[in-house]
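Here is the file protein_30.cif (mmCIF, C-alpha atoms).
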```
data_start
loop_
_atom_site.label_atom_id
_atom_site.label_comp_id
_atom_site.auth_asym_id
_atom_site.auth_seq_id
_atom_site.Cartn_x
_atom_site.Cartn_y
_atom_site.Cartn_z
CA MET A 77 0.00 0.00 0.00
CA VAL A 78 3.02 2.30 0.41
CA THR A 79 4.71 4.00 -2.55
CA ALA A 80 7.61 6.45 -2.61
CA SER A 81 8.48 8.52 -5.66
CA GLY A 82 11.78 10.27 -6.24
CA ASP A 83 15.35 9.17 -6.95
CA PHE A 84 17.13 6.74 -4.67
CA GLY A 85 19.08 8.64 -2.02
CA ASP A 86 16.92 11.76 -2.40
CA LYS A 87 14.05 12.87 -0.21
CA PRO A 88 11.04 10.79 -1.31
CA SER A 89 7.40 11.68 -1.66
CA VAL A 90 5.63 8.99 0.38
CA ASP A 91 2.07 8.06 -0.43
CA PHE A 92 -0.47 5.59 0.98
CA PRO A 93 -4.19 5.56 1.76
CA THR A 94 -4.90 7.00 5.20
CA PRO A 95 -5.42 5.90 7.83
CA ILE A 96 -3.20 2.82 7.74
CA TYR A 97 -2.99 0.62 10.84
CA THR A 98 -1.23 -2.64 11.63
CA ASP A 99 -0.94 -4.90 14.66
CA SER A 100 2.44 -6.18 13.48
CA THR A 101 5.44 -4.75 11.68
CA GLU A 102 5.80 -5.55 7.99
CA ARG A 103 8.32 -4.73 5.28
CA SER A 104 8.28 -4.54 1.51
CA VAL A 105 10.97 -3.74 -1.05
CA LEU A 106 10.15 -0.74 -3.25
CA VAL A 107 13.44 -0.72 -5.19
CA GLU A 108 15.70 -3.79 -5.24
CA GLY A 109 19.39 -2.93 -4.99
CA ASP A 110 22.16 -4.95 -6.60
CA GLY A 111 24.55 -4.89 -3.64
CA GLU A 112 25.21 -7.56 -1.04
CA PRO A 113 22.49 -8.29 1.55
CA VAL A 114 23.35 -6.95 4.99
CA ARG A 115 23.38 -9.15 8.09
CA ALA A 116 22.88 -8.55 11.79
CA GLY A 117 25.67 -6.45 13.27
CA ALA A 118 26.62 -4.71 10.03
CA PRO A 119 26.93 -0.92 10.26
CA VAL A 120 25.13 0.84 7.41
CA ARG A 121 24.49 4.33 6.10
CA ILE A 122 20.87 5.16 5.30
CA GLN A 123 18.48 7.94 4.43
CA PHE A 124 15.04 7.67 6.01
CA THR A 125 11.60 9.28 6.24
CA ILE A 126 9.08 8.57 9.03
CA VAL A 127 5.40 9.27 8.38
CA ASN A 128 2.35 9.00 10.63
CA GLY A 129 0.15 6.25 9.21
CA ALA A 130 -2.97 7.94 10.57
CA ASP A 131 -2.77 11.13 8.51
CA GLY A 132 0.33 10.99 6.27
CA GLU A 133 2.16 13.75 8.17
CA VAL A 134 5.97 13.53 8.10
CA LEU A 135 7.28 12.97 11.63
CA GLY A 136 11.01 12.92 10.94
CA GLN A 137 13.66 12.57 8.26
CA SER A 138 17.39 12.22 7.92
CA LYS A 139 19.15 15.24 6.44
CA PHE A 140 19.46 13.71 2.95
CA ASP A 141 23.00 15.00 2.73
CA ASP A 142 26.15 13.12 1.76
CA LEU A 143 26.59 11.78 5.29
CA GLY A 144 23.18 10.23 5.91
CA GLN A 145 22.49 8.36 9.14
CA PHE A 146 24.70 5.59 10.55
CA VAL A 147 22.87 2.67 12.21
CA THR A 148 23.78 -0.94 12.96
CA VAL A 149 21.55 -3.70 11.63
CA GLY A 150 19.73 -5.60 14.38
CA ALA A 151 21.22 -3.49 17.19
CA ASP A 152 19.24 -1.97 20.04
CA SER A 153 18.54 1.68 19.32
CA THR A 154 15.82 4.30 19.26
CA LEU A 155 15.20 3.16 15.66
CA ASP A 156 14.65 -0.55 16.38
CA VAL A 157 12.04 -0.91 13.65
CA ILE A 158 14.54 0.40 11.09
CA THR A 159 17.54 -1.58 12.32
CA ASP A 160 15.53 -4.82 12.45
CA GLY A 161 13.83 -4.17 9.11
CA LEU A 162 17.13 -3.68 7.30
CA ALA A 163 18.24 -7.29 7.90
CA CYS A 164 18.82 -9.14 4.60
CA THR A 165 18.24 -5.96 2.57
CA SER A 166 20.58 -5.47 -0.40
CA VAL A 167 22.68 -2.32 -0.59
CA GLY A 168 21.06 0.07 -3.07
CA SER A 169 17.52 -0.89 -2.03
CA ARG A 170 14.64 1.33 -0.97
CA ILE A 171 12.32 -0.39 1.48
CA ALA A 172 9.04 0.48 3.18
CA ILE A 173 8.24 -0.59 6.73
CA VAL A 174 4.86 -0.21 8.41
CA GLY A 175 5.35 -0.48 12.17
CA SER A 176 2.68 -1.08 14.76
CA ALA A 177 2.00 1.45 17.50
CA LYS A 178 3.56 -0.92 20.04
CA ASP A 179 6.73 -1.47 18.01
CA THR A 180 7.27 2.16 17.04
CA HIS A 181 6.22 4.29 20.03
CA ASN A 182 5.09 1.70 22.59
CA GLY A 183 1.49 2.80 22.17
CA ALA A 184 2.14 6.12 23.88
CA ALA A 185 0.24 9.13 22.55
CA ASP A 186 2.23 12.27 21.74
CA PRO A 187 -0.36 15.02 21.22
CA ALA A 188 2.31 17.70 20.73
CA ASN A 189 3.43 15.91 17.56
CA GLY A 190 -0.03 14.74 16.50
CA VAL A 191 0.59 11.07 17.37
CA GLY A 192 -2.27 9.00 18.73
CA ALA A 193 -1.86 5.95 20.96
CA ASN A 194 -2.91 3.57 18.16
CA ASP A 195 -1.11 5.27 15.25
CA SER A 196 1.16 3.14 13.09
CA PHE A 197 4.31 4.62 11.60
CA VAL A 198 5.45 4.28 8.00
CA TYR A 199 9.17 4.28 7.22
CA VAL A 200 10.82 4.64 3.82
CA ILE A 201 14.52 3.80 3.96
CA ASP A 202 17.28 3.95 1.34
CA LEU A 203 20.22 1.66 2.13
CA ILE A 204 23.17 3.64 0.80
CA GLU A 205 26.26 1.80 2.04
CA ALA A 206 27.27 -1.06 4.34
CA TRP A 207 30.38 -2.34 6.10
CA PRO A 208 31.31 -5.72 7.65
CA ALA A 209 29.93 -6.55 11.09
CA LYS A 210 33.38 -7.42 12.46
CA ALA A 211 37.08 -7.51 11.57
CA ASN A 212 37.85 -9.89 8.73
CA GLY A 213 41.65 -9.98 8.60
CA GLY A 214 43.91 -12.98 8.85
CA PRO A 215 44.79 -14.15 12.40
CA GLN A 216 48.23 -13.15 13.67
CA LEU A 217 50.46 -14.84 16.23
CA PRO A 218 49.87 -13.61 19.80
CA GLN A 219 52.61 -11.72 21.62
CA ASN A 220 53.93 -12.89 24.98
CA GLY A 221 52.99 -10.78 27.99
CA LEU A 222 49.95 -9.18 26.36
CA PRO A 223 46.29 -9.92 27.18
CA ALA A 224 44.69 -12.96 25.54
CA VAL A 225 41.62 -12.39 23.36
CA VAL A 226 38.93 -14.91 22.42
CA LEU A 227 36.02 -14.09 20.11
CA ALA A 228 32.34 -14.95 20.34
CA PRO A 229 30.63 -16.09 17.11
CA ASN A 230 29.42 -12.54 16.44
CA GLY A 231 32.97 -11.19 16.85
CA ALA A 232 32.65 -9.76 20.36
CA PRO A 233 35.99 -10.09 22.17
CA GLY A 234 36.63 -11.52 25.59
CA VAL A 235 39.83 -10.24 27.16
CA THR A 236 41.97 -12.00 29.79
CA VAL A 237 44.64 -9.83 31.39
CA PRO A 238 47.92 -11.44 32.56
CA ASN A 239 48.44 -11.67 36.30
CA GLU A 240 51.50 -9.43 36.26
CA GLU A 241 52.48 -5.80 36.32
CA PRO A 242 51.32 -3.79 33.29
CA PRO A 243 53.84 -2.56 30.72
CA THR A 244 55.11 0.97 31.14
CA ASP A 245 55.23 1.65 27.39
CA LEU A 246 52.42 1.74 24.84
CA LYS A 247 51.92 -1.73 23.34
CA VAL A 248 50.18 -2.36 20.01
CA ALA A 249 49.59 -5.74 18.38
CA GLU A 250 47.61 -6.83 15.34
CA LEU A 251 45.29 -9.71 16.23
CA GLN A 252 43.90 -9.80 12.70
CA LYS A 253 45.56 -8.15 9.72
CA ALA A 254 43.67 -7.15 6.59
CA ASP A 255 44.68 -5.46 3.35
CA GLY A 256 42.14 -2.63 3.47
CA GLU A 257 42.76 1.10 3.30
CA THR A 258 45.40 2.49 5.67
CA VAL A 259 44.09 4.60 8.54
CA LYS A 260 45.66 8.04 8.82
CA ALA A 261 45.77 10.59 11.63
CA GLY A 262 42.58 12.67 11.57
CA ASP A 263 40.49 10.00 9.82
CA ALA A 264 36.94 9.28 11.00
CA VAL A 265 37.02 5.55 11.67
CA LEU A 266 33.98 3.28 11.86
CA MET A 267 34.75 0.73 14.58
CA LYS A 268 33.62 -1.62 17.29
CA TYR A 269 35.69 -1.92 20.44
CA THR A 270 35.94 -3.20 23.98
CA GLY A 271 37.98 -1.50 26.71
CA VAL A 272 39.01 -3.21 29.96
CA LEU A 273 41.10 -2.26 32.98
CA TRP A 274 44.45 -4.02 33.31
CA SER A 275 44.04 -3.97 37.09
CA ASP A 276 41.08 -6.36 37.25
CA GLY A 277 39.98 -7.07 33.67
CA GLY A 278 36.72 -5.21 34.23
CA VAL A 279 35.01 -3.79 31.14
CA PHE A 280 34.64 -0.01 31.31
CA ASP A 281 33.35 0.53 27.77
CA SER A 282 32.17 -1.72 24.95
CA THR A 283 30.26 -1.00 21.77
CA TRP A 284 29.50 -4.74 21.61
CA GLU A 285 27.14 -4.60 24.59
CA GLU A 286 24.46 -2.95 22.44
CA GLY A 287 25.97 -4.12 19.16
CA GLN A 288 26.40 -0.59 17.87
CA ALA A 289 29.30 0.44 15.68
CA VAL A 290 30.58 3.97 16.33
CA VAL A 291 32.57 6.60 14.46
CA ARG A 292 35.61 8.07 16.21
CA GLU A 293 38.01 10.64 14.80
CA LEU A 294 41.70 9.92 15.26
CA LYS A 295 42.62 13.25 16.77
CA GLU A 296 42.73 15.00 20.11
CA GLY A 297 39.17 15.38 21.36
CA GLY A 298 37.92 12.66 19.02
CA GLY A 299 36.62 10.46 21.84
CA LEU A 300 39.61 8.14 22.23
CA PRO A 301 42.69 8.34 24.48
CA SER A 302 45.96 9.28 22.81
CA GLY A 303 47.35 5.75 23.00
CA VAL A 304 44.42 4.35 21.03
CA VAL A 305 44.74 7.09 18.41
CA GLU A 306 48.44 6.33 18.04
CA GLY A 307 47.82 2.58 18.03
CA LEU A 308 45.25 2.71 15.24
CA THR A 309 47.12 5.16 13.01
CA GLY A 310 48.81 3.30 10.16
CA LYS A 311 46.70 0.16 10.58
CA THR A 312 44.35 -1.14 7.88
CA VAL A 313 40.60 -1.44 7.50
CA GLY A 314 39.41 -4.94 8.36
CA SER A 315 42.08 -5.45 11.02
CA GLN A 316 41.62 -6.09 14.72
CA ILE A 317 44.07 -4.25 16.98
CA LEU A 318 45.05 -4.86 20.60
CA ILE A 319 46.30 -1.76 22.41
CA VAL A 320 47.68 -1.55 25.96
CA ALA A 321 47.80 2.10 27.01
CA PRO A 322 49.59 3.04 30.26
CA PRO A 323 48.20 6.07 32.14
CA GLU A 324 50.26 8.66 30.28
CA HIS A 325 48.73 7.37 27.02
CA ALA A 326 45.23 7.11 28.51
CA TYR A 327 43.58 9.25 31.21
CA GLY A 328 46.56 9.79 33.50
CA ASP A 329 46.00 10.74 37.11
CA GLN A 330 42.60 12.29 36.35
CA GLY A 331 40.84 9.08 35.34
CA ALA A 332 37.43 9.14 33.68
CA LEU A 333 33.95 7.71 34.12
CA GLY A 334 34.44 4.10 35.24
CA ILE A 335 38.23 4.46 35.00
CA PRO A 336 40.23 5.04 38.22
CA SER A 337 43.15 7.43 38.16
CA GLY A 338 46.46 5.93 37.06
CA SER A 339 44.82 3.08 35.13
CA THR A 340 46.45 1.09 32.36
CA LEU A 341 43.80 0.38 29.72
CA VAL A 342 43.42 -2.48 27.26
CA TYR A 343 41.49 -1.95 24.02
CA VAL A 344 40.49 -4.44 21.35
CA VAL A 345 39.38 -2.52 18.25
CA ASP A 346 37.81 -3.80 15.03
CA ILE A 347 38.50 -1.30 12.23
CA LEU A 348 35.44 -1.56 9.99
CA GLY A 349 35.85 1.41 7.68
CA ILE A 350 36.87 5.03 7.09
CA VAL A 351 34.01 7.47 6.57
CA ASP A 352 33.56 11.09 5.54
CA LEU A 353 32.02 13.45 8.06
#
```
Can I see the file as structure tokens?
Amino acid sequence: MVTASGDFGDKPSVDFPTPIYTDSTERSVLVEGDGEPVRAGAPVRIQFTIVNGADGEVLGQSKFDDLGQFVTVGADSTLDVITDGLACTSVGSRIAIVGSAKDTHNGAADPANGVGANDSFVYVIDLIEAWPAKANGGPQLPQNGLPAVVLAPNGAPGVTVPNEEPPTDLKVAELQKADGETVKAGDAVLMKYTGVLWSDGGVFDSTWEEGQAVVRELKEGGGLPSGVVEGLTGKTVGSQILIVAPPEHAYGDQGALGIPSGSTLVYVVDILGIVDL
């Protein structure tokens, strides 16, 4: 029942008979792309439009600029209907999703935005680009004295820290090495990572917990400690990197949220891509 006119990647004109209601969430393909189907955990770049199924009013849209919106397929987010609906969609496709009131806004009315408790939402999504869900490089030999890393089937790392004093210098090791593009200082890198404390192996930060890939810029103030920026610079897309950052290459004597002062940090980073911001 949903149609969307306009070129792929451009703001569409969405049309359907109103009102449209559903008790479940359903998807249809409006334009079939010729790229690879995306799987759970894959970060993707999309353009989207959200329309109220009751009256056809547009509730929200991406900016329809060159950047688009980054989401991760199948990951928990405020756009669950979109991230779930993208599974098995081919890159280059435009899809329509009609989501139930429960699935889209939990059946909560929002009078300020003209949303009734029973209103379904209609989504039109263009799948612009996709990246792998995890590092895909060749395994490398482990280095003595560094933490051991084992991977879950989805790629999430488990880290075991040696029962010894941490190194005093920055340590960087390639756990998987790929032949993708080389990461340079200042690049915006699409990644998944886990960070643990050397002192007790406790996880202080992990994108894997919600399955979301993130973009971090390799520069001061880019959201990563200096040791991680240095450790990732010069590595290649598709690789998995182990970084042990002593305090002077991390958060020093100040510490940070969940990180005591003077902590040595261990990061395992999957480099999934380099993006333009």
Care to translate the PyMOL selection byres ((chain A and resi 192-200) around 7) into actual residues of this file, as an mmCIF file with C-alpha atoms, keeping the file's coordinate frame?
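Ended up saving to expr.cif:
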```cif
data_model
loop_
_atom_site.group_PDB
_atom_site.id
_atom_site.type_symbol
_atom_site.label_atom_id
_atom_site.label_comp_id
_atom_site.auth_asym_id
_atom_site.auth_seq_id
_atom_site.Cartn_x
_atom_site.Cartn_y
_atom_site.Cartn_z
ATOM 1 C CA ILE A 96 -3.200 2.820 7.740
ATOM 2 C CA TYR A 97 -2.990 0.620 10.840
ATOM 3 C CA THR A 98 -1.230 -2.640 11.630
ATOM 4 C CA PHE A 124 15.040 7.670 6.010
ATOM 5 C CA THR A 125 11.600 9.280 6.240
ATOM 6 C CA ILE A 126 9.080 8.570 9.030
ATOM 7 C CA VAL A 127 5.400 9.270 8.380
ATOM 8 C CA ASN A 128 2.350 9.000 10.630
ATOM 9 C CA GLY A 129 0.150 6.250 9.210
ATOM 10 C CA ALA A 130 -2.970 7.940 10.570
ATOM 11 C CA ARG A 170 14.640 1.330 -0.970
ATOM 12 C CA ILE A 171 12.320 -0.390 1.480
ATOM 13 C CA ALA A 172 9.040 0.480 3.180
ATOM 14 C CA ILE A 173 8.240 -0.590 6.730
ATOM 15 C CA VAL A 174 4.860 -0.210 8.410
ATOM 16 C CA GLY A 175 5.350 -0.480 12.170
ATOM 17 C CA SER A 176 2.680 -1.080 14.760
ATOM 18 C CA ALA A 177 2.000 1.450 17.500
ATOM 19 C CA THR A 180 7.270 2.160 17.040
ATOM 20 C CA GLY A 183 1.490 2.800 22.170
ATOM 21 C CA ALA A 184 2.140 6.120 23.880
ATOM 22 C CA ALA A 185 0.240 9.130 22.550
ATOM 23 C CA ASP A 186 2.230 12.270 21.740
ATOM 24 C CA PRO A 187 -0.360 15.020 21.220
ATOM 25 C CA GLY A 190 -0.030 14.740 16.500
ATOM 26 C CA VAL A 191 0.590 11.070 17.370
ATOM 27 C CA ILE A 201 14.520 3.800 3.960
ATOM 28 C CA ASP A 202 17.280 3.950 1.340
#
```
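The nearest approach to Ser302 in chain A among the residues A:Ala261, A:Ala289, A:Ala206, A:Ile335, with only C-alpha atoms taken into account, belongs to A:Ala261.
Pairwise distance (CA of Glu296 in chain A, CA of Thr309 in chain A) equals 12.9 Å.
Between CA of Met267 in chain A and CA of Val345 in chain A the separation is 6.7 Å.
Listed by chain and then by number, the residues chosen by the PyMOL selection byres ((chain A and resi 311) around 6) in this file are Thr258, Val259, Leu308, Thr309, Gly310 and Thr312 of chain A.
Selection check: the PyMOL selection byres ((chain A and resi 324) around 10) on the shown file gives Thr244, Asp245, Leu246, Pro301, Ser302, Gly303, Ala321, Pro322, Pro323, His325, Ala326, Tyr327, Gly328, Asp329, Gly338, Ser339 and Thr340 of chain A.
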In terms of the shortest atom-to-atom distance over only C-alpha atoms, which of A:Cys164, A:Ile158, A:Val290, A:Leu217 is closest to Phe146 in chain A?
A:Val290
Across A:Thr94, A:Ser138, A:Gln316, A:Ser100, the smallest distance to Gly213 in chain A, with all atoms listed in the file counted, is shown by A:Gln316
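Across the model, the gap from CA of Val313 in chain A to CA of Asp156 in chain A is 27.4 Å.
Checking A:Pro223, A:Gly287, A:Pro218, A:Pro95 one by one against Thr159 in chain A, counting all atoms listed in the file, you find the shortest gap at A:Gly287.
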Mind checking which residues fall within 9 Å of Ser169 in chain A, counting all atoms listed in the file, ignoring those fewer than 4 positions away in the same chain, and posting them as a PyMOL selection string?
chain A and resi 84+105-111+165+201-204
Quick one: write out the picked residues with C-alpha atoms as a compact mmCIF listing (two decimals), in the frame of the given file?
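And here is the file that came out, again-v5.txt:
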```txt
# COMPACT_ATOMS: atom_id res chain seq x y z
CA PHE A 84 17.13 6.74 -4.67
CA VAL A 105 10.97 -3.74 -1.05
CA LEU A 106 10.15 -0.74 -3.25
CA VAL A 107 13.44 -0.72 -5.19
CA GLU A 108 15.70 -3.79 -5.24
CA GLY A 109 19.39 -2.93 -4.99
CA ASP A 110 22.16 -4.95 -6.60
CA GLY A 111 24.55 -4.89 -3.64
CA THR A 165 18.24 -5.96 2.57
CA ILE A 201 14.52 3.80 3.96
CA ASP A 202 17.28 3.95 1.34
CA LEU A 203 20.22 1.66 2.13
CA ILE A 204 23.17 3.64 0.80
```
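You can rank A:Val147, A:Leu300, A:Leu135, A:Val78 by their closest distance to Ala163 in chain A using all atoms listed in the file, and at the top of that list sits A:Val147.
When all atoms listed in the file are used to measure the gap to Val320 in chain A, the shortest distance among A:Ser275, A:Thr283, A:Thr101, A:Asn189 belongs to A:Ser275.
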Using the file's own x, y and z axes, so that the box edges lie along x, y and z, what centre and edge lengths in Å (one decimal) does a box around every listed atom of range 321-329 of chain A get when 5 Å is added on each side? Give it as AutoDock Vina command-line options.
```
--center_x 46.9 --center_y 6.4 --center_z 32.1 --size_x 16.7 --size_y 18.6 --size_z 20.1
```
Kindly extract all protein, DNA and RNA residues lying within 7 Å of the coordinates (38.9, 0.5, 32.9) given in the file, considering all atoms listed in the file, and supply them as a ChimeraX atom specification.
/A:271-273,278-280,334-335,339,341
Can I get the residues of range 78-153 of chain A within 7 Å of range 208-212 of chain A, each with the closest pair of atoms and their distance in Å to one decimal, using only C-alpha atoms, sorted chain first then ascending number, as a tab-separated table?
```
residue	atom	partner	partner_atom	distance
A:Gly117	CA	A:Ala209	CA	4.8
A:Ala118	CA	A:Ala209	CA	3.9
A:Pro119	CA	A:Ala209	CA	6.4
```
For Leu353 in chain A, list every protein, DNA or RNA residue within 9 Å, evaluated using all atoms listed in the file, and leave out those in the same chain fewer than 6 positions away; present the list as a compact mmCIF listing (two decimals) with C-alpha atoms, in the frame of the given file.
```
# COMPACT_ATOMS: atom_id res chain seq x y z
CA ASP A 142 26.15 13.12 1.76
CA LEU A 143 26.59 11.78 5.29
CA ALA A 264 36.94 9.28 11.00
```
Write out as an MDAnalysis selection string the residues lying within 12 Å of Asp352 in chain A, counting only C-alpha atoms and excluding same-chain residues fewer than 6 positions away.
chainID A and resid 121 141:146 262:266 291:293
